[in-house]
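Structure file run04.csv (CSV, C-alpha atoms) follows.
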```csv
chain,number,residue,atom,x,y,z
A,91,MET,CA,35.9,4.2,-9.0
A,92,THR,CA,33.3,6.2,-11.0
A,93,GLY,CA,30.0,4.8,-12.3
A,94,ALA,CA,31.4,4.7,-15.8
A,95,GLY,CA,34.5,2.9,-14.6
A,96,VAL,CA,32.4,0.3,-12.9
A,97,VAL,CA,30.3,-0.3,-16.0
A,98,LEU,CA,33.5,-0.6,-18.1
A,99,LEU,CA,35.2,-3.0,-15.7
A,100,THR,CA,32.1,-5.2,-15.1
A,101,THR,CA,31.3,-5.6,-18.8
A,102,PHE,CA,35.1,-6.2,-19.5
A,103,LEU,CA,35.3,-9.0,-16.9
A,104,ALA,CA,32.0,-10.6,-17.7
A,105,SER,CA,32.8,-10.6,-21.4
A,106,SER,CA,36.3,-11.9,-20.8
A,107,VAL,CA,34.9,-15.1,-19.3
A,108,GLU,CA,32.8,-15.7,-22.4
A,109,ALA,CA,35.7,-14.6,-24.7
A,110,ILE,CA,38.0,-17.1,-23.0
A,111,GLU,CA,35.6,-19.9,-23.7
A,112,MET,CA,35.3,-18.7,-27.4
A,113,VAL,CA,39.1,-18.5,-27.9
A,114,VAL,CA,39.7,-21.9,-26.1
A,115,ILE,CA,37.3,-23.6,-28.6
A,116,VAL,CA,38.8,-21.9,-31.7
A,117,LEU,CA,42.4,-22.5,-30.5
A,118,GLY,CA,41.8,-26.2,-29.7
A,119,VAL,CA,39.9,-27.0,-32.9
A,120,GLY,CA,42.4,-25.1,-35.0
A,121,ALA,CA,45.4,-26.8,-33.5
A,122,THR,CA,43.8,-30.3,-33.9
A,123,ARG,CA,42.1,-30.0,-37.3
A,124,GLY,CA,43.9,-27.2,-39.1
A,125,TRP,CA,43.6,-23.4,-39.1
A,126,ARG,CA,42.1,-22.6,-42.4
A,127,SER,CA,38.6,-24.0,-41.9
A,128,THR,CA,38.6,-23.1,-38.2
A,129,VAL,CA,39.3,-19.5,-39.0
A,130,LEU,CA,36.7,-19.5,-41.7
A,131,GLY,CA,34.2,-20.9,-39.2
A,132,ALA,CA,35.1,-18.3,-36.6
A,133,VAL,CA,34.9,-15.4,-39.2
A,134,ALA,CA,31.5,-16.8,-40.4
A,135,GLY,CA,30.4,-16.9,-36.7
A,136,PHE,CA,31.4,-13.3,-36.2
A,137,ALA,CA,29.6,-12.3,-39.5
A,138,VAL,CA,26.3,-13.9,-38.5
A,139,LEU,CA,26.7,-12.4,-35.0
A,140,ALA,CA,27.2,-8.9,-36.5
A,141,VAL,CA,24.1,-9.3,-38.6
A,142,VAL,CA,22.0,-10.4,-35.6
A,143,VAL,CA,23.3,-7.6,-33.5
A,144,VAL,CA,22.7,-4.9,-36.2
A,145,VAL,CA,19.2,-6.3,-37.1
A,146,LEU,CA,18.0,-6.8,-33.5
A,147,GLY,CA,19.9,-4.1,-31.7
A,148,VAL,CA,18.8,-3.7,-28.1
A,149,THR,CA,15.9,-6.2,-28.6
A,150,LEU,CA,18.6,-8.9,-28.5
A,151,ALA,CA,17.6,-9.5,-24.9
A,152,ALA,CA,14.4,-11.2,-26.3
A,153,ILE,CA,16.4,-14.0,-28.0
A,154,PRO,CA,15.6,-17.3,-26.3
A,155,ILE,CA,19.2,-18.2,-25.3
A,156,GLY,CA,18.1,-21.2,-23.2
A,157,PRO,CA,17.0,-23.4,-26.2
A,158,LEU,CA,20.1,-22.2,-28.2
A,159,ARG,CA,22.3,-23.4,-25.3
A,160,VAL,CA,20.6,-26.8,-25.2
A,161,VAL,CA,21.1,-27.4,-29.0
A,162,VAL,CA,24.7,-26.0,-29.2
A,163,GLY,CA,25.7,-27.6,-25.9
A,164,ALA,CA,24.3,-31.0,-26.9
A,165,LEU,CA,26.1,-30.9,-30.3
A,166,LEU,CA,29.4,-29.9,-28.7
A,167,LEU,CA,28.9,-32.6,-26.0
A,168,LEU,CA,28.2,-35.4,-28.6
A,169,PHE,CA,31.1,-34.3,-30.8
A,170,GLY,CA,33.5,-33.7,-27.8
A,171,LEU,CA,32.8,-37.2,-26.5
A,172,GLN,CA,34.1,-38.7,-29.7
A,173,TRP,CA,37.4,-36.9,-29.4
A,174,TYR,CA,37.5,-37.6,-25.7
A,175,ARG,CA,37.1,-41.3,-26.3
A,176,LYS,CA,39.6,-41.4,-29.2
A,177,GLY,CA,42.1,-39.3,-27.2
A,178,ILE,CA,41.9,-41.7,-24.3
A,179,ALA,CA,42.4,-44.7,-26.6
A,180,ARG,CA,45.4,-43.1,-28.4
A,181,VAL,CA,47.2,-41.8,-25.3
A,182,ALA,CA,46.7,-45.2,-23.7
A,183,ALA,CA,48.0,-47.0,-26.8
A,184,ARG,CA,50.8,-44.8,-28.0
A,185,GLY,CA,51.5,-42.3,-25.3
A,186,LEU,CA,52.2,-38.8,-26.4
A,187,ALA,CA,52.4,-39.3,-30.2
A,188,GLY,CA,53.1,-36.2,-32.2
A,189,VAL,CA,51.6,-34.8,-35.4
A,190,SER,CA,54.3,-36.5,-37.5
A,191,GLU,CA,54.0,-39.8,-35.8
A,192,PRO,CA,53.4,-42.4,-38.5
A,193,GLY,CA,51.3,-44.6,-36.2
A,194,VAL,CA,48.6,-41.9,-35.7
A,195,GLU,CA,45.8,-42.4,-38.1
A,196,ASP,CA,44.3,-39.4,-39.8
A,197,ASP,CA,41.1,-37.9,-38.5
A,198,ASP,CA,39.6,-37.9,-42.0
A,199,ILE,CA,40.5,-34.2,-42.4
A,200,PRO,CA,40.1,-33.4,-46.1
A,201,ALA,CA,43.4,-32.6,-47.8
A,202,THR,CA,41.6,-30.0,-50.0
A,203,GLY,CA,38.5,-27.9,-49.6
A,204,ILE,CA,36.8,-27.0,-46.3
A,205,ASP,CA,36.9,-29.2,-43.2
A,206,TRP,CA,33.3,-28.8,-42.2
A,207,ILE,CA,33.8,-30.3,-38.8
A,208,ALA,CA,36.4,-27.6,-37.9
A,209,PHE,CA,34.2,-24.9,-39.6
A,210,VAL,CA,31.0,-25.9,-37.7
A,211,LEU,CA,32.8,-26.2,-34.3
A,212,ALA,CA,34.4,-22.8,-34.6
A,213,PHE,CA,31.2,-21.2,-36.0
A,214,LYS,CA,29.1,-22.5,-33.1
A,215,GLY,CA,31.6,-21.5,-30.4
A,216,VAL,CA,31.9,-18.0,-31.7
A,217,LEU,CA,28.2,-17.5,-32.4
A,218,LEU,CA,27.0,-18.7,-29.0
A,219,GLU,CA,29.7,-17.0,-26.9
A,220,GLY,CA,29.4,-13.9,-29.0
A,221,LEU,CA,25.6,-13.8,-28.4
A,222,GLU,CA,26.2,-14.2,-24.7
A,223,ILE,CA,28.7,-11.2,-24.8
A,224,ALA,CA,26.1,-9.2,-26.8
A,225,LEU,CA,23.4,-10.1,-24.1
A,226,ILE,CA,25.8,-9.0,-21.3
A,227,VAL,CA,26.4,-5.7,-23.2
A,228,VAL,CA,22.7,-5.0,-23.8
A,229,SER,CA,21.4,-6.0,-20.4
A,230,PHE,CA,24.1,-4.4,-18.3
A,231,GLY,CA,24.5,-1.4,-20.5
A,232,LEU,CA,20.8,-0.6,-20.6
A,233,ALA,CA,20.4,-1.2,-16.8
A,234,ALA,CA,23.3,1.2,-16.1
A,235,GLY,CA,22.3,3.6,-18.8
A,236,GLN,CA,25.8,3.3,-20.3
A,237,LEU,CA,25.4,1.2,-23.5
A,238,GLY,CA,28.3,2.9,-25.3
A,239,LEU,CA,30.8,2.1,-22.4
A,240,SER,CA,29.4,-1.4,-22.1
A,241,VAL,CA,30.2,-2.0,-25.8
A,242,VAL,CA,33.7,-0.6,-25.3
A,243,GLY,CA,34.3,-2.9,-22.3
A,244,ALA,CA,33.1,-6.0,-24.2
A,245,ALA,CA,35.0,-5.2,-27.4
A,246,ALA,CA,38.2,-4.7,-25.3
A,247,ALA,CA,37.8,-8.1,-23.7
A,248,VAL,CA,37.3,-9.8,-27.1
A,249,VAL,CA,40.3,-8.1,-28.7
A,250,LEU,CA,42.6,-8.7,-25.7
A,251,ILE,CA,41.6,-12.4,-25.1
A,252,GLY,CA,41.7,-13.0,-28.9
A,253,ALA,CA,45.2,-11.5,-29.1
A,254,ALA,CA,46.3,-13.7,-26.1
A,255,GLY,CA,44.9,-16.7,-27.9
A,256,PHE,CA,46.8,-15.8,-31.1
A,257,ALA,CA,50.0,-15.5,-29.1
A,258,LEU,CA,49.5,-19.0,-27.7
A,259,LYS,CA,48.9,-20.5,-31.1
A,260,GLY,CA,52.5,-21.6,-31.6
A,261,PHE,CA,52.7,-23.2,-28.2
A,262,VAL,CA,49.4,-25.1,-28.7
A,263,THR,CA,50.5,-26.4,-32.1
A,264,ARG,CA,53.6,-28.0,-30.5
A,265,ILE,CA,51.5,-30.1,-28.0
A,266,PRO,CA,51.6,-33.8,-29.1
A,267,ARG,CA,48.6,-34.6,-31.2
A,268,SER,CA,47.1,-37.5,-29.2
A,269,LEU,CA,47.3,-35.4,-26.0
A,270,LEU,CA,45.8,-32.4,-27.8
A,271,GLN,CA,42.9,-34.4,-29.0
A,272,LEU,CA,42.3,-35.6,-25.5
A,273,VAL,CA,42.5,-32.1,-24.0
A,274,VAL,CA,40.3,-30.6,-26.7
A,275,GLY,CA,37.8,-33.5,-26.4
A,276,THR,CA,37.7,-32.9,-22.6
A,277,LEU,CA,37.2,-29.2,-23.1
A,278,LEU,CA,34.4,-29.6,-25.7
A,279,THR,CA,32.7,-32.3,-23.5
A,280,SER,CA,32.9,-30.0,-20.5
A,281,PHE,CA,31.6,-26.9,-22.3
A,282,GLY,CA,28.9,-29.0,-24.0
A,283,THR,CA,27.8,-30.5,-20.6
A,284,PHE,CA,27.7,-27.0,-19.0
A,285,TRP,CA,25.8,-25.3,-21.8
A,286,SER,CA,23.2,-28.0,-22.5
A,287,LEU,CA,22.4,-28.4,-18.8
A,288,GLU,CA,22.3,-24.6,-18.2
A,289,GLY,CA,19.9,-24.4,-21.2
A,290,LEU,CA,17.7,-27.1,-19.6
A,291,GLY,CA,17.5,-25.0,-16.4
A,292,VAL,CA,20.3,-26.2,-14.2
A,293,ASN,CA,21.5,-23.4,-11.9
A,294,TRP,CA,25.3,-23.9,-11.6
A,295,PRO,CA,26.2,-22.6,-8.1
A,296,GLN,CA,29.5,-21.0,-9.2
A,297,SER,CA,28.3,-20.0,-12.7
A,298,ASP,CA,31.0,-20.4,-15.4
A,299,LEU,CA,33.6,-21.5,-12.8
A,300,ASP,CA,31.7,-24.8,-12.7
A,301,ILE,CA,33.2,-25.5,-16.2
A,302,VAL,CA,36.5,-25.9,-14.3
A,303,ALA,CA,34.9,-28.5,-12.0
A,304,LEU,CA,33.6,-30.4,-15.0
A,305,LEU,CA,37.0,-30.3,-16.6
A,306,VAL,CA,38.5,-31.8,-13.4
A,307,VAL,CA,35.9,-34.6,-13.3
A,308,TYR,CA,36.2,-35.5,-17.0
A,309,GLY,CA,40.0,-35.2,-16.7
A,310,LEU,CA,40.2,-37.6,-13.7
A,311,ALA,CA,37.9,-40.0,-15.5
A,312,ALA,CA,40.1,-39.9,-18.6
A,313,ALA,CA,43.2,-40.6,-16.4
A,314,THR,CA,41.5,-43.6,-14.9
A,315,TYR,CA,40.4,-45.0,-18.3
A,316,ILE,CA,44.0,-44.5,-19.7
A,317,SER,CA,45.4,-46.4,-16.8
A,318,LEU,CA,42.8,-49.2,-17.3
A,319,GLU,CA,43.4,-49.3,-21.0
A,320,ARG,CA,47.2,-49.5,-20.6
A,321,ARG,CA,46.8,-52.5,-18.2
A,322,ARG,CA,44.5,-54.2,-20.7
A,323,ILE,CA,47.0,-53.6,-23.6
A,324,HIS,CA,49.9,-54.8,-21.4
A,325,ALA,CA,47.9,-58.0,-20.5
A,326,ALA,CA,47.0,-58.6,-24.2
A,327,THR,CA,50.7,-58.2,-25.2
A,328,LEU,CA,51.8,-60.7,-22.6
A,329,GLU,CA,49.1,-63.1,-23.7
A,330,MET,CA,50.2,-62.8,-27.3
A,331,ALA,CA,53.9,-63.2,-26.4
A,332,SER,CA,53.2,-66.3,-24.3
A,333,ALA,CA,51.0,-67.8,-27.2
A,334,THR,CA,53.9,-67.2,-29.6
A,335,THR,CA,56.4,-68.8,-27.3
A,336,SER,CA,54.3,-71.9,-26.7
A,337,ARG,CA,53.8,-72.3,-30.5
A,338,VAL,CA,57.6,-72.1,-31.1
A,339,THR,CA,58.4,-74.6,-28.4
B,787,MET,CA,18.0,-32.5,-59.2
B,788,GLN,CA,20.9,-34.9,-58.9
B,789,ALA,CA,23.0,-32.1,-57.4
B,790,ILE,CA,20.4,-31.4,-54.8
B,791,VAL,CA,20.1,-35.1,-53.8
B,792,SER,CA,23.9,-35.3,-53.7
B,793,ALA,CA,24.2,-32.2,-51.5
B,794,ALA,CA,21.4,-33.4,-49.2
B,795,LEU,CA,23.2,-36.8,-48.8
B,796,GLY,CA,26.4,-35.0,-48.1
B,797,ILE,CA,24.8,-32.9,-45.4
B,798,ALA,CA,23.2,-36.0,-43.9
B,799,ARG,CA,26.5,-37.9,-43.9
B,800,PHE,CA,28.2,-34.9,-42.3
B,801,LEU,CA,25.5,-34.5,-39.6
B,802,TYR,CA,25.7,-38.2,-38.8
B,803,ARG,CA,29.5,-38.2,-38.5
B,804,PHE,CA,29.3,-35.0,-36.4
B,805,VAL,CA,26.6,-36.0,-34.0
B,806,VAL,CA,26.7,-39.8,-33.9
B,807,GLY,CA,30.3,-40.7,-35.0
B,808,ASP,CA,31.5,-44.3,-34.7
B,809,ASP,CA,29.4,-45.3,-31.7
B,810,TRP,CA,25.7,-44.6,-32.0
B,811,THR,CA,25.0,-46.0,-28.5
B,812,VAL,CA,26.9,-43.1,-26.9
B,813,ALA,CA,24.9,-40.5,-28.8
B,814,VAL,CA,21.5,-42.2,-27.9
B,815,ALA,CA,22.5,-42.5,-24.2
B,816,ILE,CA,23.5,-38.8,-24.0
B,817,LEU,CA,20.2,-37.7,-25.7
B,818,LEU,CA,18.2,-39.9,-23.3
B,819,ALA,CA,20.2,-38.5,-20.4
B,820,LEU,CA,19.5,-34.9,-21.5
B,821,ALA,CA,15.8,-35.7,-21.9
B,822,ALA,CA,15.6,-37.3,-18.5
B,823,THR,CA,17.4,-34.4,-16.9
B,824,GLY,CA,14.9,-32.0,-18.5
B,825,VAL,CA,12.0,-34.1,-17.1
B,826,LEU,CA,13.6,-34.3,-13.6
B,827,LEU,CA,14.3,-30.5,-13.6
B,828,ALA,CA,10.7,-29.8,-14.5
B,829,ASP,CA,9.8,-31.8,-11.4
B,830,HIS,CA,12.2,-29.6,-9.4
B,831,ILE,CA,14.6,-32.5,-8.9
B,832,SER,CA,18.3,-31.6,-9.1
B,833,ALA,CA,19.8,-33.8,-11.8
B,834,TRP,CA,22.9,-32.0,-13.0
B,835,TRP,CA,25.0,-35.1,-12.3
B,836,LEU,CA,23.1,-37.4,-14.7
B,837,VAL,CA,24.6,-36.2,-18.0
B,838,PRO,CA,28.3,-36.2,-16.8
B,839,PHE,CA,27.7,-39.7,-15.2
B,840,VAL,CA,26.2,-41.1,-18.4
B,841,ALA,CA,29.0,-39.5,-20.5
B,842,ILE,CA,31.7,-41.0,-18.4
B,843,PHE,CA,30.0,-44.4,-18.1
B,844,MET,CA,29.3,-44.7,-21.8
B,845,THR,CA,32.9,-43.7,-22.6
B,846,GLY,CA,34.0,-46.7,-20.6
B,847,VAL,CA,31.5,-49.0,-22.3
B,848,SER,CA,32.5,-47.8,-25.7
B,849,LEU,CA,36.2,-48.2,-25.0
B,850,ARG,CA,35.6,-51.7,-23.7
B,851,ARG,CA,33.5,-52.6,-26.8
B,852,SER,CA,36.2,-51.2,-29.1
B,853,ALA,CA,38.9,-53.2,-27.3
B,854,ARG,CA,36.9,-56.4,-27.6
B,855,GLN,CA,36.3,-55.9,-31.3
B,856,HIS,CA,40.0,-55.2,-31.7
B,857,HIS,CA,40.9,-58.4,-29.8
B,858,THR,CA,38.6,-60.6,-31.9
B,859,GLN,CA,39.9,-59.2,-35.3
```

What do you get writing this file as structure tokens?
Amino acid sequence: MTGAGVVLLTTFLASSVEAIEMVVIVLGVGATRGWRSTVLGAVAGFAVLAVVVVVLGVTLAAIPIGPLRVVVGALLLLFGLQWYRKGIARVAARGLAGVSEPGVEDDDIPATGIDWIAFVLAFKGVLLEGLEIALIVVSFGLAAGQLGLSVVGAAAAVVLIGAAGFALKGFVTRIPRSLLQLVVGTLLTSFGTFWSLEGLGVNWPQSDLDIVALLVVYGLAAATYISLERRRIHAATLEMASATTSRVT
Amino acid sequence: MQAIVSAALGIARFLYRFVVGDDWTVAVAILLALAATGVLLADHISAWWLVPFVAIFMTGVSLRRSARQHHTQ
């Protein structure tokens, strides 16, 4: 493979990892809270990113990405944990309740106007991941003396992964709502943990692959809590039934 | 002036709901865990496990508290 090919492939693959994280957040938030505000947040994130890239150009490498990761990661972690907890409680109580299930209470999503929670989550995901892609382009492109090819590789990754995410939109929307909330909560918690700790200076041994390890840990913990909650609900139901029977007799 | 106060209150309410949510103890525990991780890392002590541990532990505490509240209602 030629030097140009190596630059193209490397920036494409490195940017794909970040683009997957970006698309997963946008897809999960959109399917859970609605698409309008999520897409607006993502577009606003791209717009701010474009301004930052145009204004700073190759001096982008000077941006202190560490503190930004801590702030964005901590916010995603705190919000993700709320959905993680609610998702566990709902799946334990009602199983895989769907969107139209009357028992599922609304997540205070506004009927009209902008849902700022969806907007901010999508905005932050796109801005942080977009900045990381821009940093990959600048650092790798400048080091290899192939900035133009580096930009092409990254742009191709964002377009392809974005198109794959769009194609998956219909499938994700069909996932039962309580399960989706748990899955998205687990994803946001894992990304938030990864980014905030990376920003604090933790060196993850397998880099972005350690997000998968975090997903497994949080997923196993959720499965354990769901099982414990189900046992508690079952015991409480039996207790109520026996109290009712003794009152009748 | 009233519009500015109203907007500021709206932003504050949104931030509280976004960051803290319905259980402030989880948010406080996570922020303390992040701060402790930062201090330990500055002393070159590996502490990546602290935040996931606190997150999982506090989820259990919060679920238990919520179940007790539900039971007493």

Write out as a Markdown table the residues of chain A that have any atom within 8 Å of an atom of chain B, one row each with the nearest atom pair and its distance in Å to one decimal, counting only C-alpha atoms, sorted by chain and then rising number.
```
| residue | atom | partner | partner_atom | distance |
| --- | --- | --- | --- | --- |
| A:Ala164 | CA | B:Leu817 | CA | 7.9 |
| A:Leu165 | CA | B:Val805 | CA | 6.3 |
| A:Leu168 | CA | B:Val805 | CA | 5.7 |
| A:Phe169 | CA | B:Val805 | CA | 5.8 |
| A:Leu171 | CA | B:Ala841 | CA | 7.5 |
| A:Gln172 | CA | B:Gly807 | CA | 6.8 |
| A:Arg175 | CA | B:Thr845 | CA | 6.1 |
| A:Ala179 | CA | B:Leu849 | CA | 7.3 |
| A:Trp206 | CA | B:Phe800 | CA | 8.0 |
| A:Ile207 | CA | B:Phe804 | CA | 6.9 |
| A:Thr283 | CA | B:Pro838 | CA | 6.9 |
| A:Ser286 | CA | B:Leu820 | CA | 7.9 |
| A:Leu287 | CA | B:Trp834 | CA | 6.8 |
| A:Leu290 | CA | B:Gly824 | CA | 5.7 |
| A:Gly291 | CA | B:Leu827 | CA | 7.0 |
| A:Val292 | CA | B:Trp834 | CA | 6.5 |
| A:Tyr308 | CA | B:Ile842 | CA | 7.2 |
| A:Ala311 | CA | B:Ile842 | CA | 6.9 |
| A:Tyr315 | CA | B:Gly846 | CA | 7.0 |
```

Which residue of A:Trp285, A:Arg180, A:Ala312, A:Leu158 approaches A:Asp300 most closely, using only C-alpha atoms = A:Trp285

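Note that the spacing between atom CA of A:Gly156 and atom CA of A:Glu288 amounts to 7.4 Å.
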
Would you kindly return, as a PyMOL selection string, each protein, DNA or RNA residue with an atom no farther than 10 Å from any atom of A:Arg126, considering all atoms listed in the file and excluding same-chain residues fewer than 6 positions away?
-> chain A and resi 120+203-205+208-209

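Taking atom CA of A:Gly255 as the reference point, atom CA of A:Leu237 is found at 26.8 Å.
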
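Interatomic distance, atom CA of A:Leu304 to atom CA of A:Ser280: 5.6 Å.
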
With 6 Å on each side, where is the centre of the axis-aligned box around all listed atoms of stretch 823-836 of chain B, and how long are its edges in Å to one decimal, as AutoDock Vina command-line options?
```
--center_x 17.4 --center_y -33.5 --center_z -13.7 --size_x 27.2 --size_y 19.8 --size_z 21.6
```
